[in-house]
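Asker: Just my_file.txt, nothing more (compact mmCIF, C-alpha atoms):
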# COMPACT_ATOMS: atom_id res chain seq x y z
CA MET A 984 98.88 122.18 89.82
CA ASP A 985 100.56 119.08 91.16
CA LYS A 986 100.09 120.34 94.70
CA TYR A 987 96.33 120.67 94.26
CA LYS A 988 96.13 117.20 92.74
CA LEU A 989 97.97 115.75 95.71
CA PHE A 990 95.82 117.71 98.15
CA PHE A 991 92.49 116.66 96.71
CA SER A 992 93.39 113.05 96.02
CA THR A 993 94.62 112.65 99.61
CA PHE A 994 91.56 114.42 100.92
CA PHE A 995 89.03 112.28 99.08
CA LEU A 996 90.86 109.03 99.63
CA ILE A 997 91.04 109.55 103.38
CA PHE A 998 87.64 111.13 103.69
CA LEU A 999 85.90 108.26 101.92
CA ALA A 1000 87.92 105.64 103.76
CA GLU A 1001 86.96 107.27 107.02
CA LEU A 1002 83.21 107.48 106.39
CA GLY A 1003 81.51 104.83 108.47
CA ASP A 1004 84.81 103.75 109.94
CA LYS A 1005 85.11 102.64 113.54
CA THR A 1006 86.57 106.01 114.52
CA GLN A 1007 83.53 107.77 113.21
CA ILE A 1008 81.24 105.37 115.01
CA ALA A 1009 83.23 105.89 118.20
CA SER A 1010 82.97 109.66 118.03
CA PHE A 1011 79.30 109.35 117.15
CA SER A 1012 78.60 107.24 120.19
CA MET A 1013 80.73 109.48 122.41
CA ALA A 1014 78.72 112.47 121.22
CA ALA A 1015 75.44 110.67 121.66
CA GLY A 1016 76.43 109.31 125.08
CA SER A 1017 77.71 112.52 126.60
CA GLY A 1018 75.56 115.00 124.73
CA LYS A 1019 78.56 117.29 124.42
CA VAL A 1020 78.95 117.54 120.70
CA VAL A 1021 81.56 120.30 120.61
CA SER A 1022 83.85 118.61 123.11
CA VAL A 1023 83.73 115.34 121.21
CA MET A 1024 84.35 117.20 117.98
CA ILE A 1025 87.43 118.92 119.38
CA GLY A 1026 88.80 115.77 121.02
CA ALA A 1027 88.24 113.60 117.95
CA SER A 1028 89.71 116.20 115.59
CA LEU A 1029 92.84 116.63 117.71
CA ALA A 1030 93.32 112.86 117.96
CA LEU A 1031 93.02 112.42 114.20
CA ILE A 1032 95.42 115.26 113.48
CA ALA A 1033 97.93 113.80 115.94
CA SER A 1034 97.70 110.33 114.40
CA THR A 1035 98.15 111.80 110.92
CA LEU A 1036 101.15 113.76 112.10
CA PHE A 1037 102.75 110.58 113.39
CA ALA A 1038 102.07 108.79 110.11
CA VAL A 1039 103.51 111.59 108.01
CA LEU A 1040 106.58 112.07 110.18
CA PHE A 1041 107.26 108.36 110.26
CA GLY A 1042 106.77 108.15 106.51
CA GLN A 1043 109.24 110.95 105.98
CA LEU A 1044 111.76 109.40 108.32
CA ILE A 1045 111.60 106.04 106.62
CA THR A 1046 112.21 107.49 103.13
CA LYS A 1047 115.62 108.52 104.42
CA ILE A 1048 116.45 105.00 105.58
CA ILE A 1049 114.92 102.74 102.95
CA ASN A 1050 115.23 103.07 99.17
CA ARG A 1051 112.44 105.05 97.58
CA LYS A 1052 111.74 102.48 94.88
CA VAL A 1053 111.26 99.69 97.42
CA LEU A 1054 108.99 101.89 99.50
CA LYS A 1055 106.95 102.79 96.45
CA ILE A 1056 106.26 99.14 95.70
CA VAL A 1057 105.50 98.36 99.34
CA SER A 1058 103.11 101.28 99.73
CA SER A 1059 101.34 100.56 96.45
CA LEU A 1060 100.85 96.96 97.60
CA LEU A 1061 99.52 98.32 100.89
CA PHE A 1062 96.94 100.33 98.96
CA ILE A 1063 95.95 97.36 96.83
CA ILE A 1064 95.64 95.06 99.85
CA THR A 1065 93.50 97.63 101.66
CA GLY A 1066 91.32 97.95 98.57
CA PHE A 1067 90.78 94.21 98.33
CA TYR A 1068 90.21 93.98 102.07
CA LEU A 1069 87.49 96.62 101.86
CA LEU A 1070 85.88 94.82 98.94
CA TYR A 1071 86.08 91.54 100.83
CA ARG A 1072 84.40 93.12 103.84
CA ILE A 1073 81.51 94.29 101.72
CA LEU A 1074 81.16 91.06 99.81
CA SER A 1075 81.72 88.57 102.62
CA PRO A 1076 78.06 88.41 103.77
CA TYR A 1077 77.02 87.59 100.21
CA LEU A 1078 79.82 85.09 99.82
CA THR A 1079 78.82 83.19 102.96
CA LYS A 1080 75.23 83.23 101.76
CA PHE A 1081 76.22 81.50 98.56
CA PHE A 1082 78.91 79.17 99.77
CA GLY A 1083 78.31 78.82 103.49
CA MET B 878 79.66 123.88 127.37
CA ILE B 879 83.02 122.52 126.44
CA SER B 880 84.22 119.88 128.80
CA ILE B 881 87.94 119.22 129.09
CA SER B 882 87.46 115.70 130.38
CA ILE B 883 85.34 114.72 127.37
CA ILE B 884 87.83 116.32 124.98
CA PHE B 885 90.58 114.37 126.68
CA SER B 886 88.78 111.03 126.78
CA THR B 887 87.66 111.35 123.17
CA PHE B 888 91.19 112.23 122.17
CA LEU B 889 92.63 109.22 123.94
CA LEU B 890 90.01 106.79 122.67
CA ILE B 891 90.23 107.89 119.06
CA PHE B 892 93.97 108.33 119.05
CA LEU B 893 94.48 104.77 120.32
CA ALA B 894 91.86 103.40 117.92
CA GLU B 895 93.54 105.18 115.07
CA LEU B 896 97.07 103.92 115.72
CA GLY B 897 97.99 101.46 113.01
CA ASP B 898 94.59 101.92 111.39
CA LYS B 899 94.15 101.94 107.64
CA THR B 900 93.85 105.71 107.59
CA GLN B 901 97.16 106.13 109.31
CA LEU B 902 98.70 103.56 107.00
CA THR B 903 97.25 105.46 104.06
CA ALA B 904 98.75 108.73 105.21
CA PHE B 905 102.01 106.92 105.79
CA SER B 906 102.01 105.33 102.34
CA LEU B 907 101.15 108.61 100.67
CA THR B 908 104.03 110.35 102.40
CA VAL B 909 106.43 107.66 101.40
CA SER B 910 105.46 107.88 97.75
CA ALA B 911 104.93 111.63 97.39
CA LYS B 912 107.45 114.35 97.86
CA ASN B 913 105.37 116.85 99.74
CA PRO B 914 104.60 115.63 103.26
CA LEU B 915 103.09 118.94 104.37
CA ILE B 916 100.31 118.74 101.79
CA ILE B 917 99.55 115.15 102.77
CA PHE B 918 99.40 116.18 106.39
CA ILE B 919 97.11 119.13 105.78
CA SER B 920 94.72 117.38 103.42
CA SER B 921 94.40 114.16 105.39
CA SER B 922 93.96 116.06 108.64
CA LEU B 923 91.28 118.13 106.99
CA ALA B 924 89.52 115.03 105.68
CA LEU B 925 89.61 113.45 109.12
CA VAL B 926 88.47 116.56 110.91
CA ILE B 927 85.55 117.02 108.56
CA SER B 928 84.52 113.39 108.88
CA ALA B 929 84.82 113.69 112.68
CA ILE B 930 82.66 116.79 112.69
CA LEU B 931 80.12 115.07 110.47
CA SER B 932 79.90 112.06 112.71
CA ALA B 933 79.72 114.08 115.92
CA LEU B 934 76.98 116.27 114.50
CA LEU B 935 74.83 113.91 112.54
CA GLY B 936 75.84 110.51 113.74
CA CYS B 937 77.01 108.11 111.13
CA ILE B 938 74.87 109.44 108.34
CA SER B 939 76.92 107.62 105.83
CA SER B 940 77.15 104.27 107.52
CA LYS B 941 73.38 104.29 107.97
CA LEU B 942 72.36 105.71 104.64
CA LEU B 943 74.89 104.43 102.16
CA PRO B 944 77.39 102.26 103.93
CA GLN B 945 78.01 99.99 100.99
CA ILE B 946 78.34 102.68 98.38
CA THR B 947 80.99 104.57 100.32
CA SER B 948 82.84 101.34 101.07
CA VAL B 949 82.80 100.29 97.43
CA VAL B 950 83.95 103.72 96.28
CA SER B 951 86.76 103.85 98.80
CA ALA B 952 87.79 100.27 97.98
CA VAL B 953 87.95 101.16 94.30
CA LEU B 954 89.89 104.33 95.11
CA PHE B 955 92.41 102.34 97.11
CA LEU B 956 92.85 99.86 94.27
CA VAL B 957 93.21 102.63 91.68
CA PHE B 958 95.76 104.43 93.84
CA GLY B 959 97.70 101.26 94.48
CA PHE B 960 97.90 100.22 90.85
CA TYR B 961 98.62 103.76 89.71
CA LEU B 962 101.48 103.98 92.18
CA LEU B 963 102.78 100.57 91.28
CA PHE B 964 102.96 101.28 87.57
CA SER B 965 103.68 105.01 87.57
CA LYS B 966 107.18 105.94 86.60
CA GLU B 967 108.98 108.44 88.70
CA MET B 968 110.62 111.19 86.76
CA PRO B 969 114.32 111.51 87.56
CA VAL B 970 114.90 114.39 89.94
CA ILE B 971 117.38 115.99 87.61
CA LYS B 972 114.96 115.97 84.70
CA GLU B 973 112.31 117.57 86.83
CA CYS B 974 114.82 120.23 87.81
CA PHE B 975 115.61 120.90 84.15
CA LEU B 976 111.94 121.17 83.24
CA LYS B 977 111.40 123.62 86.04
CA THR B 978 114.45 125.62 84.97
CA VAL B 979 113.09 125.91 81.43
CA ALA B 980 109.64 126.87 82.63
CA SER B 981 110.82 129.49 85.07
CA GLU B 982 113.43 131.02 82.76
CA ASN B 983 110.68 131.32 80.16
CA LEU B 984 108.43 132.98 82.69
CA LEU B 985 111.19 135.45 83.50
CA LEU B 986 111.60 136.14 79.77
CA ALA B 987 107.93 136.97 79.53
CA LEU B 988 107.89 139.16 82.63
CA LEU B 989 111.15 141.12 82.28
CA PRO B 990 110.10 143.27 79.27
CA ARG B 991 106.80 144.10 80.97
CA VAL B 992 108.49 145.13 84.23
CA PHE B 993 111.07 147.32 82.50
CA LYS B 994 108.78 148.82 79.89
CA LYS B 995 106.42 149.84 82.65
CA ASN B 996 109.23 151.64 84.43
CA GLY B 997 110.66 153.13 81.25
CA ILE B 998 114.08 151.49 81.39
CA TYR B 999 113.85 148.98 78.57
CA ASN B 1000 117.36 149.43 77.19
CA TYR B 1001 119.94 147.34 75.34
CA GLU B 1002 121.39 145.95 78.53
CA VAL B 1003 118.01 144.54 79.53
CA ILE B 1004 117.42 143.17 76.05
CA ASN B 1005 120.81 141.48 76.19
CA ILE B 1006 119.94 139.85 79.51
CA ILE B 1007 116.68 138.59 78.04
CA ARG B 1008 118.55 137.19 75.07
CA GLN B 1009 120.98 135.37 77.35
CA ASP B 1010 118.22 134.01 79.58
CA ARG B 1011 116.49 132.70 76.48
CA SER B 1012 119.64 130.82 75.56
CA HIS B 1013 119.77 129.37 79.09
CA ALA B 1014 116.24 128.07 78.72
CA ASP B 1015 117.11 126.71 75.27
CA ILE B 1016 120.16 124.89 76.54
CA PHE B 1017 118.13 123.11 79.19
CA LYS B 1018 115.38 122.36 76.72
CA PHE B 1019 117.97 120.86 74.41
CA LEU B 1020 119.42 118.74 77.20
CA ILE B 1021 116.00 117.38 78.10
CA LYS B 1022 115.35 116.48 74.48
CA GLU B 1023 118.73 114.83 74.01
CA LYS B 1024 118.44 113.03 77.35
CA LYS B 1025 121.98 114.06 78.01
CA PHE B 1026 121.28 113.87 81.67
CA PHE B 1027 120.51 110.85 83.79
CA ASN B 1028 119.67 110.49 87.37
CA ASP B 1029 123.01 108.98 88.27
CA ASP B 1030 124.93 111.82 86.70
CA ILE B 1031 124.42 113.75 89.85
CA ASN B 1032 124.67 112.43 93.33
CA GLU B 1033 123.03 114.19 96.25
CA SER B 1034 119.77 114.42 94.32
CA ASP B 1035 118.06 115.47 97.54
CA LYS B 1036 119.97 118.70 97.43
CA ILE B 1037 118.91 119.55 93.90
CA GLU B 1038 115.31 119.08 94.96
CA VAL B 1039 115.79 121.70 97.64
CA LEU B 1040 117.51 124.04 95.19
CA THR B 1041 114.76 123.64 92.60
CA CYS B 1042 112.13 124.53 95.19
CA SER B 1043 113.57 128.02 95.54
CA LEU B 1044 113.33 128.58 91.80
CA SER B 1045 110.03 130.36 91.77
CA LEU B 1046 108.85 133.64 90.35
CA SER B 1047 105.47 135.23 90.76
CA ARG B 1048 103.60 136.86 87.88
CA LYS B 1049 102.72 139.59 90.31
CA ILE B 1050 106.14 141.22 89.96
CA VAL B 1051 104.75 143.19 87.00
CA ASN B 1052 102.50 145.10 89.37
CA LEU B 1053 105.13 145.66 92.05
CA PRO B 1054 107.11 148.89 92.38
CA LEU B 1055 110.42 148.60 90.54
CA GLU B 1056 112.54 148.20 93.64
CA LYS B 1057 110.51 145.27 94.96
CA ALA B 1058 110.26 143.70 91.52
CA LEU B 1059 114.04 143.89 91.24
CA ASP B 1060 114.35 142.20 94.63
CA GLU B 1061 112.28 139.28 93.36
CA ILE B 1062 114.22 139.10 90.09
CA ILE B 1063 117.56 139.14 91.92
CA LYS B 1064 116.33 136.37 94.21
CA PHE B 1065 115.23 134.34 91.20
CA GLU B 1066 118.50 134.83 89.31
CA GLN B 1067 120.39 133.90 92.47
CA SER B 1068 118.54 130.60 92.77
CA SER B 1069 119.07 129.72 89.12
CA LEU B 1070 122.74 130.57 89.63
CA ASP B 1071 122.80 128.18 92.60
CA ILE B 1072 121.33 125.42 90.46
CA TYR B 1073 123.81 125.94 87.61
CA LYS B 1074 126.66 125.96 90.10
CA PHE B 1075 125.42 122.79 91.73
CA ILE B 1076 125.08 120.93 88.44
CA HIS B 1077 128.47 122.22 87.34
CA ASP B 1078 130.15 121.06 90.55
CA HIS B 1079 128.42 117.69 90.74
CA LEU B 1080 128.62 116.55 87.13
CA ASP B 1081 129.89 113.04 86.89
CA LEU B 1082 132.60 113.62 84.31
CA GLU B 1083 133.89 110.07 84.28
CA HIS B 1084 130.48 108.63 83.76
CA HIS B 1085 129.35 110.47 80.67
CA ASN B 1086 132.30 112.57 79.64
CA GLU B 1087 130.44 115.82 79.96
CA LYS B 1088 133.38 118.19 79.75
CA GLU B 1089 131.66 120.25 77.07
CA LEU B 1090 128.57 120.59 79.17
CA GLN B 1091 130.62 121.67 82.13
CA ASP B 1092 132.18 124.47 80.10
CA LEU B 1093 128.75 125.50 78.93
CA LEU B 1094 127.52 125.62 82.50
CA LYS B 1095 130.54 127.71 83.43
CA GLU B 1096 129.45 130.27 80.84
CA LEU B 1097 125.91 130.24 82.19
CA ILE B 1098 127.25 130.86 85.68
CA ILE B 1099 129.31 133.85 84.51
CA GLU B 1100 126.34 135.30 82.64
CA GLU B 1101 123.96 134.79 85.52
CA ASN B 1102 126.46 136.46 87.84
CA GLU B 1103 126.55 139.48 85.55
CA HIS B 1104 122.78 139.63 85.47
CA ILE B 1105 122.67 139.72 89.25
CA LYS B 1106 125.28 142.48 89.30
CA PHE B 1107 123.31 144.48 86.74
CA PHE B 1108 120.04 144.15 88.61
CA LYS B 1109 121.70 145.04 91.90
CA LYS B 1110 123.21 148.15 90.32
CA LEU B 1111 119.80 149.07 88.94
CA LYS B 1112 118.25 148.61 92.36
CA LYS B 1113 120.83 150.88 93.93
CA GLY B 1114 119.97 153.50 91.31
CA THR B 1115 116.26 153.34 92.04
CA SER B 1116 116.65 153.48 95.80
CA HIS B 1117 118.84 156.59 95.54
CA GLY B 1118 116.72 158.32 92.97
Would you mind writing the file's structure down as structure tokens?

Answerer:
Amino acid sequence: MDKYKLFFSTFFLIFLAELGDKTQIASFSMAAGSGKVVSVMIGASLALIASTLFAVLFGQLITKIINRKVLKIVSSLLFIITGFYLLYRILSPYLTKFFG
Amino acid sequence: MISISIIFSTFLLIFLAELGDKTQLTAFSLTVSAKNPLIIFISSSLALVISAILSALLGCISSKLLPQITSVVSAVLFLVFGFYLLFSKEMPVIKECFLKTVASENLLLALLPRVFKKNGIYNYEVINIIRQDRSHADIFKFLIKEKKFFNDDINESDKIEVLTCSLSLSRKIVNLPLEKALDEIIKFEQSSLDIYKFIHDHLDLEHHNEKELQDLLKELIIEENEHIKFFKKLKKGTSHG
């Protein structure tokens, strides 16, 4: 049960964060520019898997070096900062309209 | 046509763009806070691959159609995750191990009669084993309730995590032929024996004066050893007959 929860929460978090991200725009323009959709798909997928692999391996390595409790606080702050950053990015045009 | 050069250039471009990106940081943070890196790897790779396929096929449907909605949702998700992680309490490894022990011993209790009744060897020896396994589950349940155990009672908590992982039993054993079912049961009893042994050997006696508990565990180890012997004998009987 816990495994499925972890799987789906990771999936949706990353999937939503990735939608409309620069990587997606890059692969979109690569596909549009070259006209070779399948090649771009394969290349982009491999790159994303490789970058995830690095992140996961590094994350696992660092849990062995640094205390878990400290890491938990740091990573939760990382999430919160990312959340606020995303909100800021959405709201900034409106903010400059009002205050700028 | 699949072109190697386009695969390669896309790979390089996206891989470099992705290094240190928020997605990578997310995967990193998730790994740090969760205990199962493989699941994180699989699910985040899958999410990325699907989003890559979407964007290659349709172009940025999302960023054209509903850019702000997806951004708001993902921002909220990040915040929820962050705060959840910040305020969630991690269960001590040892308590988790005890809970799993209770759950799996109970599962064994439920499955054993069905396996042996089906094969027509539901005798006093089996009933006795079930009775003893029930007492094992009860002891651990009692310990959880009494909070007799704390995280610092046992060092090397990494090791107990590994041991607990092997404590698994499938409901399917009821449908297996007796010999294979016995194999699974022996494997299960062996892993619970390993856990009892580990707790017995690593109890911090000075810290909580758990001499009584250590004696109790010694009994459990002896009983579990006998169970394994019994099941092995039974297995020998079935393979000869």

Asker: Could you list, as a ChimeraX atom specification, every residue within 10 Å of Ala894 (chain B), counting all atoms listed in the file and ignoring same-chain residues fewer than 6 positions away?

Answerer: /A:1005-1006,1009,1030-1031,1034 /B:888

Asker: Show which residues sit within 6 Å of Val1023 (chain A), as a list of chain:residue names. Count only C-alpha atoms, and ignore same-chain residues fewer than 6 positions away.

Answerer: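 With the cut-off at 6 Å, the set is A:Ala1014, B:Ile884, B:Thr887.
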
Asker: CA of Leu890 (chain B) and CA of Ala952 (chain B) are how many Å apart?

Answerer: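 Between these atoms lies a distance of 25.6 Å.
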
Asker: Which residue gives the smallest distance to chain B among A:Ser1075, A:Ser992, A:Ser1058, A:Ser1017, with all atoms listed in the file counted?

Answerer: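 When distances to chain B are compared using all atoms listed in the file, the smallest one comes from A:Ser1058.
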
Asker: Taking all atoms listed in the file into account, what are the residues of chain B at most 7 Å from chain A, put as a compact mmCIF listing (two decimals) with C-alpha atoms, in the frame of the given file?

Answerer:
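The result, stored in out-v9.txt:
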# COMPACT_ATOMS: atom_id res chain seq x y z
CA ILE B 879 83.02 122.52 126.44
CA SER B 880 84.22 119.88 128.80
CA ILE B 883 85.34 114.72 127.37
CA ILE B 884 87.83 116.32 124.98
CA PHE B 885 90.58 114.37 126.68
CA THR B 887 87.66 111.35 123.17
CA PHE B 888 91.19 112.23 122.17
CA ILE B 891 90.23 107.89 119.06
CA PHE B 892 93.97 108.33 119.05
CA ALA B 894 91.86 103.40 117.92
CA GLU B 895 93.54 105.18 115.07
CA LEU B 896 97.07 103.92 115.72
CA THR B 900 93.85 105.71 107.59
CA GLN B 901 97.16 106.13 109.31
CA LEU B 902 98.70 103.56 107.00
CA ALA B 904 98.75 108.73 105.21
CA PHE B 905 102.01 106.92 105.79
CA SER B 906 102.01 105.33 102.34
CA THR B 908 104.03 110.35 102.40
CA VAL B 909 106.43 107.66 101.40
CA SER B 910 105.46 107.88 97.75
CA PRO B 914 104.60 115.63 103.26
CA ILE B 916 100.31 118.74 101.79
CA ILE B 917 99.55 115.15 102.77
CA PHE B 918 99.40 116.18 106.39
CA SER B 920 94.72 117.38 103.42
CA SER B 921 94.40 114.16 105.39
CA SER B 922 93.96 116.06 108.64
CA ALA B 924 89.52 115.03 105.68
CA LEU B 925 89.61 113.45 109.12
CA VAL B 926 88.47 116.56 110.91
CA SER B 928 84.52 113.39 108.88
CA ALA B 929 84.82 113.69 112.68
CA ILE B 930 82.66 116.79 112.69
CA SER B 932 79.90 112.06 112.71
CA ALA B 933 79.72 114.08 115.92
CA LEU B 934 76.98 116.27 114.50
CA GLY B 936 75.84 110.51 113.74
CA CYS B 937 77.01 108.11 111.13
CA SER B 939 76.92 107.62 105.83
CA SER B 940 77.15 104.27 107.52
CA PRO B 944 77.39 102.26 103.93
CA GLN B 945 78.01 99.99 100.99
CA THR B 947 80.99 104.57 100.32
CA SER B 948 82.84 101.34 101.07
CA VAL B 949 82.80 100.29 97.43
CA SER B 951 86.76 103.85 98.80
CA ALA B 952 87.79 100.27 97.98
CA VAL B 953 87.95 101.16 94.30
CA LEU B 954 89.89 104.33 95.11
CA PHE B 955 92.41 102.34 97.11
CA LEU B 956 92.85 99.86 94.27
CA PHE B 958 95.76 104.43 93.84
CA GLY B 959 97.70 101.26 94.48
CA PHE B 960 97.90 100.22 90.85
CA LEU B 962 101.48 103.98 92.18
CA LEU B 963 102.78 100.57 91.28

Asker: To one decimal in Å, tell me the separation between CA of Leu1044 (chain B) and CA of Lys1074 (chain B).

Answerer: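 One can read the CA of Leu1044 (chain B) to CA of Lys1074 (chain B) distance as 13.7 Å.
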
Asker: Within 12 Å of Leu984 (chain B), counting only C-alpha atoms, which residues show up once you throw out same-chain ones fewer than 6 positions away? Write them as a ChimeraX atom specification, please.

Answerer: /B:977-978,990-991,1007,1010-1011,1014,1044-1051,1062,1065

Asker: By how many Å are CA of Gly997 (chain B) and CA of Leu1055 (chain B) apart?

Answerer: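 Distance reported for this atom pair: 10.3 Å.
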
Asker: My list of candidates is B:Leu923, B:Glu1096, B:Leu1090, B:Ile1063. Which is closest to Lys1112 (chain B) when distances are computed with all atoms listed in the file?

Answerer: B:Ile1063

Asker: Could you please fill out region 1033-1041 of chain A with all heavy atoms and send it back as a compact mmCIF listing (two decimals), in the coordinates of the input?

Answerer:
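See out-v8.txt below for the written result:
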# COMPACT_ATOMS: atom_id res chain seq x y z
N ALA A 1033 96.72 114.34 115.33
CA ALA A 1033 97.93 113.80 115.94
C ALA A 1033 98.33 112.49 115.27
O ALA A 1033 99.51 112.27 114.97
CB ALA A 1033 97.70 113.58 117.43
N SER A 1034 97.35 111.63 115.00
CA SER A 1034 97.70 110.33 114.40
C SER A 1034 98.21 110.53 112.98
O SER A 1034 99.12 109.83 112.53
CB SER A 1034 96.50 109.38 114.44
OG SER A 1034 95.72 109.52 113.28
N THR A 1035 97.66 111.52 112.26
CA THR A 1035 98.15 111.80 110.92
C THR A 1035 99.58 112.33 110.97
O THR A 1035 100.42 111.98 110.16
CB THR A 1035 97.27 112.86 110.23
OG1 THR A 1035 95.92 112.54 110.45
CG2 THR A 1035 97.55 112.91 108.76
N LEU A 1036 99.82 113.19 111.95
CA LEU A 1036 101.15 113.76 112.10
C LEU A 1036 102.18 112.66 112.30
O LEU A 1036 103.25 112.66 111.67
CB LEU A 1036 101.16 114.73 113.29
CG LEU A 1036 102.44 115.53 113.47
CD1 LEU A 1036 102.60 116.51 112.32
CD2 LEU A 1036 102.43 116.29 114.77
N PHE A 1037 101.83 111.69 113.16
CA PHE A 1037 102.75 110.58 113.39
C PHE A 1037 103.01 109.83 112.09
O PHE A 1037 104.15 109.50 111.77
CB PHE A 1037 102.17 109.61 114.43
CG PHE A 1037 102.56 109.98 115.82
CD1 PHE A 1037 101.62 110.44 116.72
CD2 PHE A 1037 103.88 109.88 116.23
CE1 PHE A 1037 101.97 110.80 118.00
CE2 PHE A 1037 104.25 110.24 117.51
CZ PHE A 1037 103.29 110.70 118.40
N ALA A 1038 101.92 109.56 111.35
CA ALA A 1038 102.07 108.79 110.11
C ALA A 1038 102.97 109.51 109.13
O ALA A 1038 103.86 108.92 108.52
CB ALA A 1038 100.70 108.54 109.49
N VAL A 1039 102.74 110.82 108.99
CA VAL A 1039 103.51 111.59 108.01
C VAL A 1039 104.97 111.69 108.42
O VAL A 1039 105.88 111.52 107.61
CB VAL A 1039 102.88 112.99 107.81
CG1 VAL A 1039 103.77 113.86 106.98
CG2 VAL A 1039 101.52 112.87 107.15
N LEU A 1040 105.20 111.96 109.71
CA LEU A 1040 106.58 112.07 110.18
C LEU A 1040 107.32 110.76 110.02
O LEU A 1040 108.47 110.72 109.57
CB LEU A 1040 106.60 112.50 111.66
CG LEU A 1040 106.22 113.96 111.92
CD1 LEU A 1040 106.27 114.26 113.41
CD2 LEU A 1040 107.16 114.90 111.17
N PHE A 1041 106.63 109.67 110.38
CA PHE A 1041 107.26 108.36 110.26
C PHE A 1041 107.53 108.04 108.80
O PHE A 1041 108.60 107.51 108.45
CB PHE A 1041 106.35 107.29 110.88
CG PHE A 1041 106.97 105.94 110.93
CD1 PHE A 1041 108.14 105.73 111.63
CD2 PHE A 1041 106.39 104.88 110.25
CE1 PHE A 1041 108.72 104.48 111.68
CE2 PHE A 1041 106.96 103.62 110.29
CZ PHE A 1041 108.13 103.43 111.01
